[in-house]
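Peer 1: Have a look at this one.
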Amino acid sequence: MFFPISGAHISPIYLAVVGFFVGILGGFFGVGGSFLAGPALRLAGLDWNFAVGTDLAHIVGKSVVAVRRHRALGNVDRRLGWIMAVGTILGAEVGAQAIQMLKRAGNVNFVVSVVSIVVYLSISTFMTWESRKTLLSPKGRSQRAAGKGANSKEDHSAFGPVTRAIQRLRIWPMISLPTSGIRAISLWTILLVAFVGGLFGGFLGGGAGYIRMPSMVYVLGIPTHLAVGTDLFEIIISASYGTFSHGVKGNVDILIALVMNTGAAVGAQIGAISTQYFAGPKIRLAFVPLPLIGAAIVIYTMISGHKF
Amino acid sequence: MKKETARTVRAFAIELAIYTVLVVAYFFLVLNLMGQWLYRLELQHRYFYAAVAIFLIIGQAVLLEAITTFLIRLIRGRSE
């Protein structure tokens, strides 16, 4: 099929299948999935600028589908999502500026690659340790035994004491997040978490859901199911902003994104529904391979010199 | 449990088959009709194109979610 905007010939079935798999990941883990969709679009022959912009547009569509499903399951805290979107957009702008500075210095590829490998490996290592420790604890075992049902949304984390200490920080203004079960938390803590996520997104590319979703659980103390749904809600806002920005620069082939979204619509629903069947620590443990895949792709590009 | 799983897989296969027919029709009708218009828009009115792109992707997502939910209810006779 010929896509006139980008001038590319790509099979619509390939696009729908890629959308389907990325949709499952997004619906289940609350990530955009750009670390897979971006390279997949490059493999199909799309120019890098179009791959980035088009992927963002597809992420908007997929997230809308997943959020509608998560909302029906009670997994979306819209108040938190709007606040986080502000921090993410600000962080993404600063991250993009940092990339421009490194470009001028002439060492952008090396620095970004090394930083991303360190970040990805750190997230995977920490989440493996935390989720295993939680699952092996008495509370974790009872949560595991609860399986599907209302109890599966009750969350417990081995990192809980640190999270509670963060929540006790009294830096005005304090806000409550009743949907997430948080009585009071500093607005600045939320904005900082979102800002850091956006910063890495702008710096490393993609939506940085692999950083934001764990941060929401470990730093803000949001239950995993709500972190997944709320992160997707936040992604709709920040990815829409990114789509508009890239669209104006001529980097979005919306026809490709629409075709990808036909597969993603099914995948995102499967992913979102599947979260009902897993307790929080299990979702977090299953999340571990995602940053590792990201790290593997970066290491491959560093060794082979092949750019996705 | 196995019976339940088999029913879910069968329902999903039926949904997927119906959905595939709808999507193929969508490719040929909507994308062929809109392709040239969007191409010209992208060349001549970038800001308008960017806004239309967001509107289209969100609109399509809402529509597809409604269709898949409808199919699920139709085939299984209950809401998921």
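Ordering of the structure tokens sets the chain letters (A, B, ...); residue numbers start at 1 within each chain; ligands are numbered from 1 in the order shown.
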Find the residues in chain A near chain B: any atom within 8 Å counts, using only C-alpha atoms. Write them as a PyMOL selection string.

Peer 2: chain A and resi 3-5+57-58+60-62+64-65+68+240+243-250+254-255+257-259+261-262+265-266

Peer 1: Name the residues in contact with A:Val114 at a cut-off of 10 Å, using only C-alpha atoms, excluding same-chain residues fewer than 5 positions from it; report them as an mmCIF file with C-alpha atoms, in the first residue's frame.

Peer 2:
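Below is the file that was written, around09.cif:
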```
data_model
loop_
_atom_site.group_PDB
_atom_site.id
_atom_site.type_symbol
_atom_site.label_atom_id
_atom_site.label_comp_id
_atom_site.auth_asym_id
_atom_site.auth_seq_id
_atom_site.Cartn_x
_atom_site.Cartn_y
_atom_site.Cartn_z
ATOM 1 C CA ASN A 109 24.813 9.542 19.959
ATOM 2 C CA VAL A 119 18.695 3.924 32.880
ATOM 3 C CA ALA A 295 18.774 -1.584 26.264
ATOM 4 C CA VAL A 298 20.633 0.514 21.936
ATOM 5 C CA ILE A 299 23.580 -1.863 22.467
ATOM 6 C CA MET A 302 26.171 0.945 19.179
#
```

Peer 1: Write out as JSON, numbers by chain all residues of stretch 152-184 of chain A that DSSP puts in alpha helix (DSSP H) for this structure's backbone.

Peer 2: {"A": [160, 161, 162, 163, 164, 165, 166, 167]}

Peer 1: Next, write the just-selected residues to a file, as a PDB file, in the first residue's frame, keeping N, CA and C atoms as the atom set.

Peer 2:
```
ATOM      1  N   GLY A 160       7.662   0.179  49.938  1.00  0.00           N
ATOM      2  CA  GLY A 160       6.617   0.969  50.594  1.00  0.00           C
ATOM      3  C   GLY A 160       7.097   1.985  51.627  1.00  0.00           C
ATOM      4  N   PRO A 161       8.027   1.611  52.558  1.00  0.00           N
ATOM      5  CA  PRO A 161       8.469   2.589  53.561  1.00  0.00           C
ATOM      6  C   PRO A 161       9.069   3.858  52.942  1.00  0.00           C
ATOM      7  N   VAL A 162       9.850   3.694  51.862  1.00  0.00           N
ATOM      8  CA  VAL A 162      10.443   4.869  51.204  1.00  0.00           C
ATOM      9  C   VAL A 162       9.321   5.713  50.577  1.00  0.00           C
ATOM     10  N   THR A 163       8.362   5.033  49.939  1.00  0.00           N
ATOM     11  CA  THR A 163       7.239   5.742  49.307  1.00  0.00           C
ATOM     12  C   THR A 163       6.469   6.545  50.351  1.00  0.00           C
ATOM     13  N   ARG A 164       6.219   5.940  51.507  1.00  0.00           N
ATOM     14  CA  ARG A 164       5.463   6.638  52.555  1.00  0.00           C
ATOM     15  C   ARG A 164       6.255   7.843  53.077  1.00  0.00           C
ATOM     16  N   ALA A 165       7.585   7.712  53.152  1.00  0.00           N
ATOM     17  CA  ALA A 165       8.420   8.844  53.590  1.00  0.00           C
ATOM     18  C   ALA A 165       8.313   9.998  52.583  1.00  0.00           C
ATOM     19  N   ILE A 166       8.278   9.645  51.305  1.00  0.00           N
ATOM     20  CA  ILE A 166       8.136  10.677  50.259  1.00  0.00           C
ATOM     21  C   ILE A 166       6.771  11.358  50.390  1.00  0.00           C
ATOM     22  N   GLN A 167       5.739  10.562  50.648  1.00  0.00           N
ATOM     23  CA  GLN A 167       4.384  11.123  50.780  1.00  0.00           C
ATOM     24  C   GLN A 167       4.270  12.042  52.004  1.00  0.00           C
TER      25      GLN A 167
END
```

Peer 1: Provide the atom CA of A:Thr230 to atom CA of A:Thr179 distance in Å, to one decimal place.

Peer 2: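 Computing the Euclidean distance for atom CA of A:Thr230 and atom CA of A:Thr179 yields 10.5 Å.
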
Peer 1: So which residues touch A:Ala96 within 12 Å, counting only C-alpha atoms, skipping near sequence neighbours fewer than 6 positions away, as a ChimeraX atom specification?

Peer 2: /A:89-90,102-103,108,112,198-206,242

Peer 1: Which residues are near A:Ala227? Cut-off 8 Å, only C-alpha atoms, ignore same chain within fewer than 2 positions. Put them as a list in words.

Peer 2: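 What passes the distance filter is Gly30, Asn75, Val76, Met213, Met216, Val217, Ile222, Pro223, Thr224, His225, Gly229, Thr230 and Asp231 of chain A.
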
Peer 1: Deliver the residues from the most recent selection as a file, using N, CA and C atoms, as a tab-separated table (two decimals), in the first residue's frame.

Peer 2:
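Everything below was put into part_36.tsv:
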```tsv
chain	number	residue	atom	x	y	z
A	30	GLY	N	0.89	0.14	30.41
A	30	GLY	CA	0.75	1.59	30.47
A	30	GLY	C	1.90	2.33	29.83
A	75	ASN	N	-9.50	2.25	36.66
A	75	ASN	CA	-8.04	2.34	36.79
A	75	ASN	C	-7.45	3.69	36.36
A	76	VAL	N	-8.28	4.74	36.26
A	76	VAL	CA	-7.75	6.02	35.77
A	76	VAL	C	-8.01	7.12	36.80
A	213	MET	N	5.83	4.99	34.63
A	213	MET	CA	4.95	4.03	35.30
A	213	MET	C	5.58	3.51	36.61
A	216	MET	N	5.58	6.26	39.26
A	216	MET	CA	4.27	6.50	39.87
A	216	MET	C	4.02	5.50	41.00
A	217	VAL	N	4.47	4.27	40.81
A	217	VAL	CA	4.26	3.23	41.83
A	217	VAL	C	5.20	3.46	43.01
A	222	ILE	N	1.22	5.16	43.90
A	222	ILE	CA	-0.02	4.86	43.19
A	222	ILE	C	-0.12	3.34	43.01
A	223	PRO	N	-1.28	2.72	43.28
A	223	PRO	CA	-1.40	1.28	43.02
A	223	PRO	C	-1.10	0.96	41.55
A	224	THR	N	-0.48	-0.19	41.29
A	224	THR	CA	0.02	-0.50	39.94
A	224	THR	C	-1.08	-0.39	38.87
A	225	HIS	N	-2.28	-0.93	39.14
A	225	HIS	CA	-3.34	-0.88	38.14
A	225	HIS	C	-3.70	0.56	37.79
A	229	GLY	N	-3.30	2.73	34.11
A	229	GLY	CA	-4.40	3.47	33.47
A	229	GLY	C	-4.13	4.96	33.42
A	230	THR	N	-3.61	5.50	34.54
A	230	THR	CA	-3.36	6.95	34.60
A	230	THR	C	-2.21	7.35	33.69
A	231	ASP	N	-1.19	6.50	33.61
A	231	ASP	CA	-0.07	6.80	32.71
A	231	ASP	C	-0.56	6.87	31.26
```

Peer 1: So that I can check the surroundings of A:Val252, please list as a PyMOL selection string every protein, DNA and RNA residue that reaches within 6 Å of it, counting only C-alpha atoms and ignoring chain neighbours fewer than 4 positions away.

Peer 2: chain A and resi 50+53-54+247

Peer 1: I'd like to know which of A:Trp188, A:Phe28, A:Phe35, A:Phe159 is closest to A:Ile171, using only C-alpha atoms.

Peer 2: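 Nearest to A:Ile171: A:Trp188.
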
Peer 1: Taking into account only C-alpha atoms, which residue in the set A:Ser11, A:Thr125, A:Gln269, A:Gln100 is nearest to A:Leu41?

Peer 2: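 So, comparing all the options, the nearest one is A:Ser11.
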
Peer 1: I need the residue nearest A:Glu234 from this list: A:Val86, A:Ile24, A:Val196, A:Leu43. Use only C-alpha atoms for the distance.

Peer 2: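 Result for the nearest residue to A:Glu234: A:Val86.
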
Peer 1: Could you name the residues that touch A:Ser6 at 9 Å or less, counting only C-alpha atoms, but leaving out those on the same chain fewer than 4 positions away, as a list in words?

Peer 2: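 The residues satisfying every condition are Leu46, Asp47, Phe50, Asn251, Val252, Asp253 and Ile256 of chain A.
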
Peer 1: Considering only C-alpha atoms, return as a count of residues only whatever protein or nucleic-acid residues lie within 8 Å of A:Ile59, sequence-local ones (same chain, fewer than 6 positions apart) excluded.

Peer 2: 6

Peer 1: Tell me, in Å to one decimal, how far atom CA of A:Ala85 is from atom CA of A:Ser238.

Peer 2: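 Straight-line distance from atom CA of A:Ala85 to atom CA of A:Ser238 works out to 5.8 Å.
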
Peer 1: In Å, with one decimal, what is the gap from atom CA of A:Thr275 to atom CA of A:Pro214?

Peer 2: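 So the answer is 15.6 Å.
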